[in-house]
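Trainee: Compact mmCIF, C-alpha atoms and all ligand atoms, file final.txt:
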# COMPACT_ATOMS: atom_id res chain seq x y z
CA MET A 1 -30.69 -10.50 17.12
CA PRO A 2 -31.90 -14.03 17.80
CA PRO A 3 -30.07 -15.76 20.66
CA GLU A 4 -27.25 -18.10 19.71
CA PRO A 5 -28.05 -21.80 19.62
CA VAL A 6 -27.22 -23.55 22.86
CA GLY A 7 -25.66 -27.03 22.75
CA ASP A 8 -27.44 -29.35 20.36
CA ALA A 9 -30.84 -27.68 20.67
CA PRO A 10 -32.22 -26.94 17.19
CA TRP A 11 -32.61 -23.30 16.20
CA PRO A 12 -35.11 -21.95 15.48
CA PRO A 13 -37.07 -24.13 17.92
CA PRO A 14 -39.57 -26.44 16.19
CA PRO A 15 -43.11 -25.03 15.99
CA PRO A 16 -45.71 -26.23 18.50
CA PRO A 17 -47.24 -29.50 17.21
CA GLU A 18 -50.66 -27.83 16.91
CA ALA A 19 -49.46 -25.07 14.56
CA LEU A 20 -50.03 -27.02 11.34
CA THR A 21 -53.10 -29.10 12.16
CA CYS A 22 -56.81 -29.14 11.32
CA PRO A 23 -58.61 -27.20 14.08
CA LYS A 24 -61.23 -29.95 14.40
CA CYS A 25 -59.57 -33.38 14.10
CA LYS A 26 -55.94 -32.24 14.65
CA ALA A 27 -54.73 -34.07 11.51
CA LYS A 28 -51.49 -32.67 10.09
CA VAL A 29 -52.11 -30.19 7.24
CA GLU A 30 -50.12 -27.62 5.28
CA SER A 31 -50.73 -23.89 5.47
CA LYS A 32 -52.27 -22.48 2.27
CA THR A 33 -53.44 -19.12 1.04
CA ASP A 34 -56.75 -20.70 -0.05
CA VAL A 35 -59.54 -22.36 1.87
CA GLN A 36 -58.98 -26.10 2.25
CA THR A 37 -61.15 -29.07 3.26
CA CYS A 38 -59.82 -31.61 5.74
CA LYS A 39 -60.58 -35.31 5.42
CA CYS A 40 -62.82 -34.87 8.50
CA GLY A 41 -65.00 -32.60 6.37
CA LEU A 42 -64.11 -29.26 7.94
CA ARG A 43 -63.62 -26.31 5.55
CA PHE A 44 -61.03 -23.99 6.99
CA ALA A 45 -58.20 -21.63 6.17
CA LEU A 46 -54.77 -22.17 7.73
CA HIS A 47 -52.27 -19.36 7.36
CA ALA A 48 -48.63 -19.53 8.43
CA GLY A 49 -47.74 -16.67 10.79
CA PRO A 50 -44.52 -14.65 11.10
CA MET A 51 -42.86 -17.39 13.21
CA LEU A 52 -43.20 -19.91 10.37
CA ASP A 53 -42.75 -17.56 7.42
CA SER A 54 -39.88 -15.12 7.88
CA SER A 55 -40.96 -13.16 4.80
CA LEU A 56 -44.02 -11.85 6.68
CA VAL A 57 -43.67 -8.37 8.11
CA VAL A 58 -45.87 -7.58 11.10
CA ALA A 59 -47.85 -4.38 10.52
CA SER A 60 -46.50 -1.50 12.58
CA THR A 61 -49.73 -0.24 14.04
CA GLY A 62 -48.16 2.03 16.66
CA PRO A 63 -49.24 2.15 20.30
CA VAL A 64 -52.52 3.96 19.56
CA ALA A 65 -53.88 1.43 17.07
CA ASP A 66 -57.61 0.82 17.13
CA ILE A 67 -58.71 -1.89 19.51
CA VAL A 68 -61.02 -4.33 17.72
CA ARG A 69 -63.12 -6.30 20.21
CA VAL A 70 -65.55 -9.18 19.67
CA LYS A 71 -67.71 -10.89 22.28
CA SER A 72 -69.34 -14.29 22.68
CA ASP A 73 -71.47 -16.09 25.25
CA GLY A 74 -70.06 -19.10 27.05
CA ALA A 75 -71.87 -21.49 29.38
CA PHE A 76 -71.36 -19.28 32.44
CA VAL A 77 -69.32 -16.24 31.43
CA ARG A 78 -69.05 -13.96 28.40
CA HIS A 79 -65.80 -14.11 26.48
CA PHE A 80 -64.01 -11.49 24.46
CA GLY A 81 -61.38 -11.49 21.75
CA GLN A 82 -59.40 -8.38 21.17
CA LEU A 83 -56.83 -7.01 18.76
CA ASP A 84 -54.53 -4.65 20.64
CA ALA A 85 -51.68 -2.65 19.15
CA MET A 86 -49.08 -5.42 19.47
CA CYS A 87 -51.01 -8.58 20.34
CA VAL A 88 -54.19 -10.58 20.06
CA GLN A 89 -55.93 -11.36 23.32
CA GLU A 90 -58.63 -13.77 24.57
CA GLY A 91 -60.35 -13.57 27.95
CA ALA A 92 -63.57 -13.48 29.95
CA PHE A 93 -65.76 -10.82 31.45
CA ASP A 94 -66.22 -10.70 35.20
CA PRO A 95 -69.11 -13.13 35.90
CA VAL A 96 -70.59 -10.81 38.55
CA ILE A 97 -70.06 -7.35 37.07
CA GLY A 98 -70.65 -8.42 33.48
CA HIS A 99 -68.97 -5.58 31.60
CA ILE A 100 -65.58 -5.67 33.34
CA GLN A 101 -62.91 -7.48 31.33
CA LEU A 102 -60.62 -9.78 33.28
CA ASP A 103 -57.03 -10.07 32.15
CA GLY A 104 -56.84 -12.30 29.11
CA THR A 105 -54.15 -14.45 27.50
CA LYS A 106 -52.11 -12.60 24.90
CA ILE A 107 -49.99 -13.58 21.90
CA ALA A 108 -47.91 -10.94 20.14
CA TYR A 109 -48.55 -10.75 16.39
CA LYS A 110 -44.85 -11.35 15.72
CA ALA A 111 -44.99 -14.56 17.83
CA VAL A 112 -47.87 -16.12 15.88
CA TYR A 113 -47.08 -19.52 14.31
CA SER A 114 -50.40 -19.97 12.57
CA LEU A 115 -53.95 -18.70 12.24
CA ALA A 116 -56.80 -21.11 11.46
CA PHE A 117 -60.26 -19.80 10.57
CA TRP A 118 -63.40 -21.92 10.32
CA ARG A 119 -67.15 -21.84 10.97
CA THR A 120 -69.51 -24.18 12.83
CA LEU A 121 -73.26 -24.52 13.30
CA PRO A 122 -74.09 -22.87 16.65
CA ILE A 123 -75.78 -25.95 18.10
CA ALA A 124 -77.12 -24.29 21.28
CA THR A 125 -78.78 -21.47 19.29
CA LEU A 126 -80.11 -23.99 16.77
CA ILE A 127 -81.72 -26.14 19.47
CA ALA A 128 -83.12 -23.09 21.28
CA SER A 129 -84.69 -21.73 18.10
CA ILE A 130 -86.19 -25.12 17.17
CA LEU A 131 -87.63 -25.59 20.65
CA LEU A 132 -88.83 -22.05 21.34
CA LEU A 133 -89.06 -19.88 18.28
CA LEU A 134 -90.29 -22.28 15.61
CA PRO A 135 -93.42 -23.68 17.38
CA PHE A 136 -94.53 -20.20 18.45
CA THR A 137 -94.05 -18.80 14.95
CA LEU A 138 -95.97 -21.70 13.37
CA LEU A 139 -98.73 -21.25 15.93
CA CYS A 140 -99.05 -17.55 15.00
CA LEU A 141 -99.15 -18.39 11.28
CA VAL A 142 -101.74 -21.16 11.74
CA TRP A 143 -103.83 -18.76 13.84
CA PHE A 144 -103.68 -16.11 11.12
CA PHE A 145 -104.39 -18.39 8.15
CA SER A 146 -107.21 -20.25 9.90
CA THR A 147 -109.02 -17.11 11.09
CA LEU A 148 -107.66 -14.36 8.79
CA ASP A 149 -107.93 -12.27 11.94
CA ALA A 150 -105.95 -9.01 11.55
CA ALA A 151 -105.01 -9.17 15.21
CA ALA A 152 -103.09 -12.37 14.51
CA LEU A 153 -100.85 -10.42 12.14
CA ILE A 154 -99.54 -8.36 15.06
CA PHE A 155 -97.90 -11.57 16.33
CA ALA A 156 -97.41 -13.46 13.10
CA VAL A 157 -95.40 -10.83 11.20
CA PRO A 158 -92.72 -10.04 13.82
CA MET A 159 -92.42 -13.70 14.81
CA THR A 160 -91.92 -14.75 11.19
CA LEU A 161 -89.34 -12.02 10.61
CA LEU A 162 -87.53 -13.01 13.81
CA ALA A 163 -87.56 -16.71 12.82
CA VAL A 164 -86.17 -15.90 9.36
CA TRP A 165 -83.45 -13.68 10.86
CA VAL A 166 -82.44 -16.29 13.48
CA GLY A 167 -82.50 -19.00 10.79
CA TYR A 168 -80.18 -16.92 8.62
CA GLN A 169 -77.81 -16.27 11.55
CA VAL A 170 -77.71 -19.94 12.56
CA ILE A 171 -77.49 -21.61 9.14
CA GLY A 172 -76.19 -18.82 6.87
CA VAL A 173 -73.77 -16.84 9.03
CA ARG A 174 -72.89 -19.56 11.59
CA ALA A 175 -70.38 -19.25 14.44
CA HIS A 176 -66.98 -17.92 13.31
CA TRP A 177 -63.84 -19.21 15.02
CA VAL A 178 -60.14 -18.48 14.86
CA ARG A 179 -57.32 -20.46 16.48
CA VAL A 180 -54.12 -18.52 17.11
CA VAL A 181 -51.08 -20.69 17.88
CA GLY A 182 -48.23 -18.96 19.75
CA PRO A 183 -45.00 -20.31 21.24
CA LYS A 184 -46.43 -21.34 24.63
CA THR A 185 -50.16 -21.16 24.26
CA ARG A 186 -52.99 -21.07 21.79
CA LEU A 187 -56.16 -18.99 21.75
CA VAL A 188 -59.55 -19.95 20.31
CA ILE A 189 -61.77 -16.95 19.76
CA ARG A 190 -65.35 -16.79 18.49
CA TYR A 191 -65.54 -13.59 16.45
CA ASP A 192 -68.99 -13.32 14.81
CA ARG A 193 -70.49 -10.90 17.34
CA PRO A 194 -71.16 -8.09 16.94
CA GLY A 195 -71.92 -8.88 13.30
CA ARG A 196 -70.66 -5.55 12.00
CA ARG A 197 -67.20 -6.29 13.39
CA ARG A 198 -66.53 -9.90 12.33
CA ARG A 199 -65.06 -9.07 8.91
CA ARG A 200 -62.94 -6.29 10.40
CA PHE A 201 -61.65 -8.62 13.15
CA HIS A 202 -60.71 -11.27 10.58
CA ASP A 203 -59.09 -8.83 8.14
CA GLU A 204 -57.25 -6.85 10.82
CA LEU A 205 -55.86 -9.98 12.48
CA LEU A 206 -54.41 -11.12 9.16
CA ARG A 207 -53.10 -7.63 8.37
CA ARG A 208 -51.45 -7.10 11.75
CA CYS A 209 -49.72 -10.49 11.45
CA GLY A 210 -48.44 -9.42 8.02
CA ILE A 211 -50.49 -12.12 6.22
CA ALA A 212 -52.06 -11.32 2.83
CA ALA A 213 -55.79 -10.58 2.77
CA SER A 214 -57.99 -13.65 2.33
CA PRO A 215 -61.74 -14.36 2.44
CA ILE A 216 -63.46 -15.80 5.51
CA PRO A 217 -63.91 -19.55 4.83
ZN ZN B 301 -59.89 -32.34 10.20
Using structure tokens, write down the structure from this file.
Mentor:
Amino acid sequence: MPPEPVGDAPWPPPPPPEALTCPKCKAKVESKTDVQTCKCGLRFALHAGPMLDSSLVVASTGPVADIVRVKSDGAFVRHFGQLDAMCVQEGAFDPVIGHIQLDGTKIAYKAVYSLAFWRTLPIATLIASILLLLPFTLLCLVWFFSTLDAAALIFAVPMTLLAVWVGYQVIGVRAHWVRVVGPKTRLVIRYDRPGRRRRRFHDELLRRCGIAASPIP
């Protein structure tokens, strides 16, 4: 039973201002089932959560639901995003003992106002690969083609494969982000690592919030 309205306060309380905004430029936008493009150029998907759409039914996962965890590197600490049985959580790993998770910030699935998904170019990885990987790979290839020395292949082949793989990750896959807006806080989680879990994280987050399946924008 929702609490009775008190005095003149509106009920239900208005959603947080950020709930229906572009995740990049914060312009006001509507939630849609499809991918949309903001006037700032960002392609993103914005889904209304159970707090905005009372027809959504949060999935009853039970207390032993699978935990789906993604990780990302920050400037100084590693971050994690996690789907627990009843809530989505964002936090950091202990900077000293790297694999210990510190307590994160949580939002219950039923308290979600909106989910916004988008992708960005991972600038730090892009710069690192241009500065480090690309010159070394080109050097190996020039060495091989100028000498046709078989020994050069030992370096040229793995370096070329690595450069192609990193190029695909940076430009093709990109960094995947989700913004979860709750009543008092919002979480921003990078969810593309490990790669085998990004689709599951995206699909499970939608499912547990009761939102219809939708492609990653
Ligand atoms: Zn925008």
Trainee: Within 6 Å of ligand ZN 301 (chain B), counting all atoms listed in the file, which protein or nucleic acid residues do you find, written as a compact mmCIF listing (two decimals) with C-alpha atoms, keeping the file's coordinate frame?
Mentor:
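Saved to pocket12.txt:
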# COMPACT_ATOMS: atom_id res chain seq x y z
CA CYS A 22 -56.81 -29.14 11.32
CA LYS A 24 -61.23 -29.95 14.40
CA CYS A 25 -59.57 -33.38 14.10
CA LYS A 26 -55.94 -32.24 14.65
CA ALA A 27 -54.73 -34.07 11.51
CA CYS A 38 -59.82 -31.61 5.74
CA LYS A 39 -60.58 -35.31 5.42
CA CYS A 40 -62.82 -34.87 8.50
CA LEU A 42 -64.11 -29.26 7.94
Trainee: Would you mind telling me which residue in A:Leu121, A:Val181, A:Ala212, A:Ile97 lies nearest to Leu52 of chain A when using all atoms listed in the file?
Mentor: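 Closest to Leu52 of chain A of all the choices is A:Val181.
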Trainee: Kindly indicate which residue among A:Asp192, A:Leu56, A:Val112, A:Gln36 lies nearest to Pro15 of chain A, using only C-alpha atoms for the distances.
Mentor: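 Going through A:Asp192, A:Leu56, A:Val112, A:Gln36 one by one, the smallest distance to Pro15 of chain A is for A:Val112.
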Trainee: Please indicate the distance in Å from atom CA of Gln101 of chain A to atom CA of Trp177 of chain A, rounded to one decimal place.
Mentor: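 Computing it gives 20.1 Å between the two atoms.
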Trainee: Can you build me a table of segment 66-147 of chain A residues sitting at most 10 Å from segment 168-174 of chain A, with the closest atom pair per residue and its distance in Å to one decimal, using all atoms listed in the file, sorted by chain and residue number, as a Markdown table?
Mentor:
| residue | atom | partner | partner_atom | distance |
| --- | --- | --- | --- | --- |
| A:Trp118 | CA | A:Arg174 | CA | 9.9 |
| A:Arg119 | CA | A:Arg174 | CA | 6.2 |
| A:Thr120 | CA | A:Arg174 | CA | 5.9 |
| A:Leu121 | CA | A:Arg174 | CA | 5.3 |
| A:Pro122 | CA | A:Arg174 | CA | 6.2 |
| A:Ile123 | CA | A:Val170 | CA | 8.4 |
| A:Ala124 | CA | A:Val170 | CA | 9.8 |
| A:Thr125 | CA | A:Val170 | CA | 7.0 |
| A:Leu126 | CA | A:Val170 | CA | 6.3 |
| A:Ser129 | CA | A:Val170 | CA | 9.1 |
Trainee: Taking (-64.7, -7.1, 16.1) in the file's own coordinates, collect the residues within 9 Å, counting all atoms listed in the file, and hand them back as a PyMOL selection string.
Mentor: chain A and resi 67-71+81-83+191-202
Trainee: Hey, what's within 12 Å of Cys209 of chain A if we count all atoms listed in the file and toss same-chain stuff fewer than 2 positions away? As a PyMOL selection string, please?
Mentor: chain A and resi 47-61+83-88+107-115+180+182+202-207+211-213
Trainee: Just how far from atom CA of Pro135 of chain A is atom CA of Ile154 of chain A, in Å to one decimal?
Mentor: 16.7 Å
Trainee: May I ask which of the residues A:Leu132, A:Ala151, A:Ile100, A:Ala116 is the closest one to Val35 of chain A, counting all atoms listed in the file?
Mentor: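 For Val35 of chain A, the nearest of the given residues is A:Ala116.
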Trainee: With all atoms listed in the file as the basis for distance, which of A:Val157, A:Asp73, A:Phe117, A:His99 is at the shortest distance from Thr33 of chain A?
Mentor: A:Phe117
Trainee: Kindly give the distance, in Å, that separates atom CA of Phe93 of chain A and atom CA of Thr105 of chain A, rounded to a single decimal.
Mentor: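 Spanning atom CA of Phe93 of chain A to atom CA of Thr105 of chain A is a straight-line distance of 12.8 Å.
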Trainee: Of the candidates A:Ala65, A:Val29, A:Val96, A:Leu131, which one gets nearest to Val77 of chain A if we count all atoms listed in the file?
Mentor: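 For Val77 of chain A, the nearest of the given residues is A:Val96.
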Trainee: Select, from A:Ile189, A:Phe76, A:Phe136, A:Ala19, the residue with the minimum atom-to-atom distance to Gly104 of chain A, counting all atoms listed in the file.
Mentor: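 That would be A:Ile189, the residue with the smallest distance to Gly104 of chain A.
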Trainee: Padding 5 Å on every side, please: axis-aligned box over the listed atoms of segment 210-215 of chain A, centre and edge lengths to one decimal in Å, as AutoDock Vina command-line options.
Mentor:
--center_x -55.1 --center_y -11.9 --center_z 5.2 --size_x 23.3 --size_y 14.9 --size_z 15.7
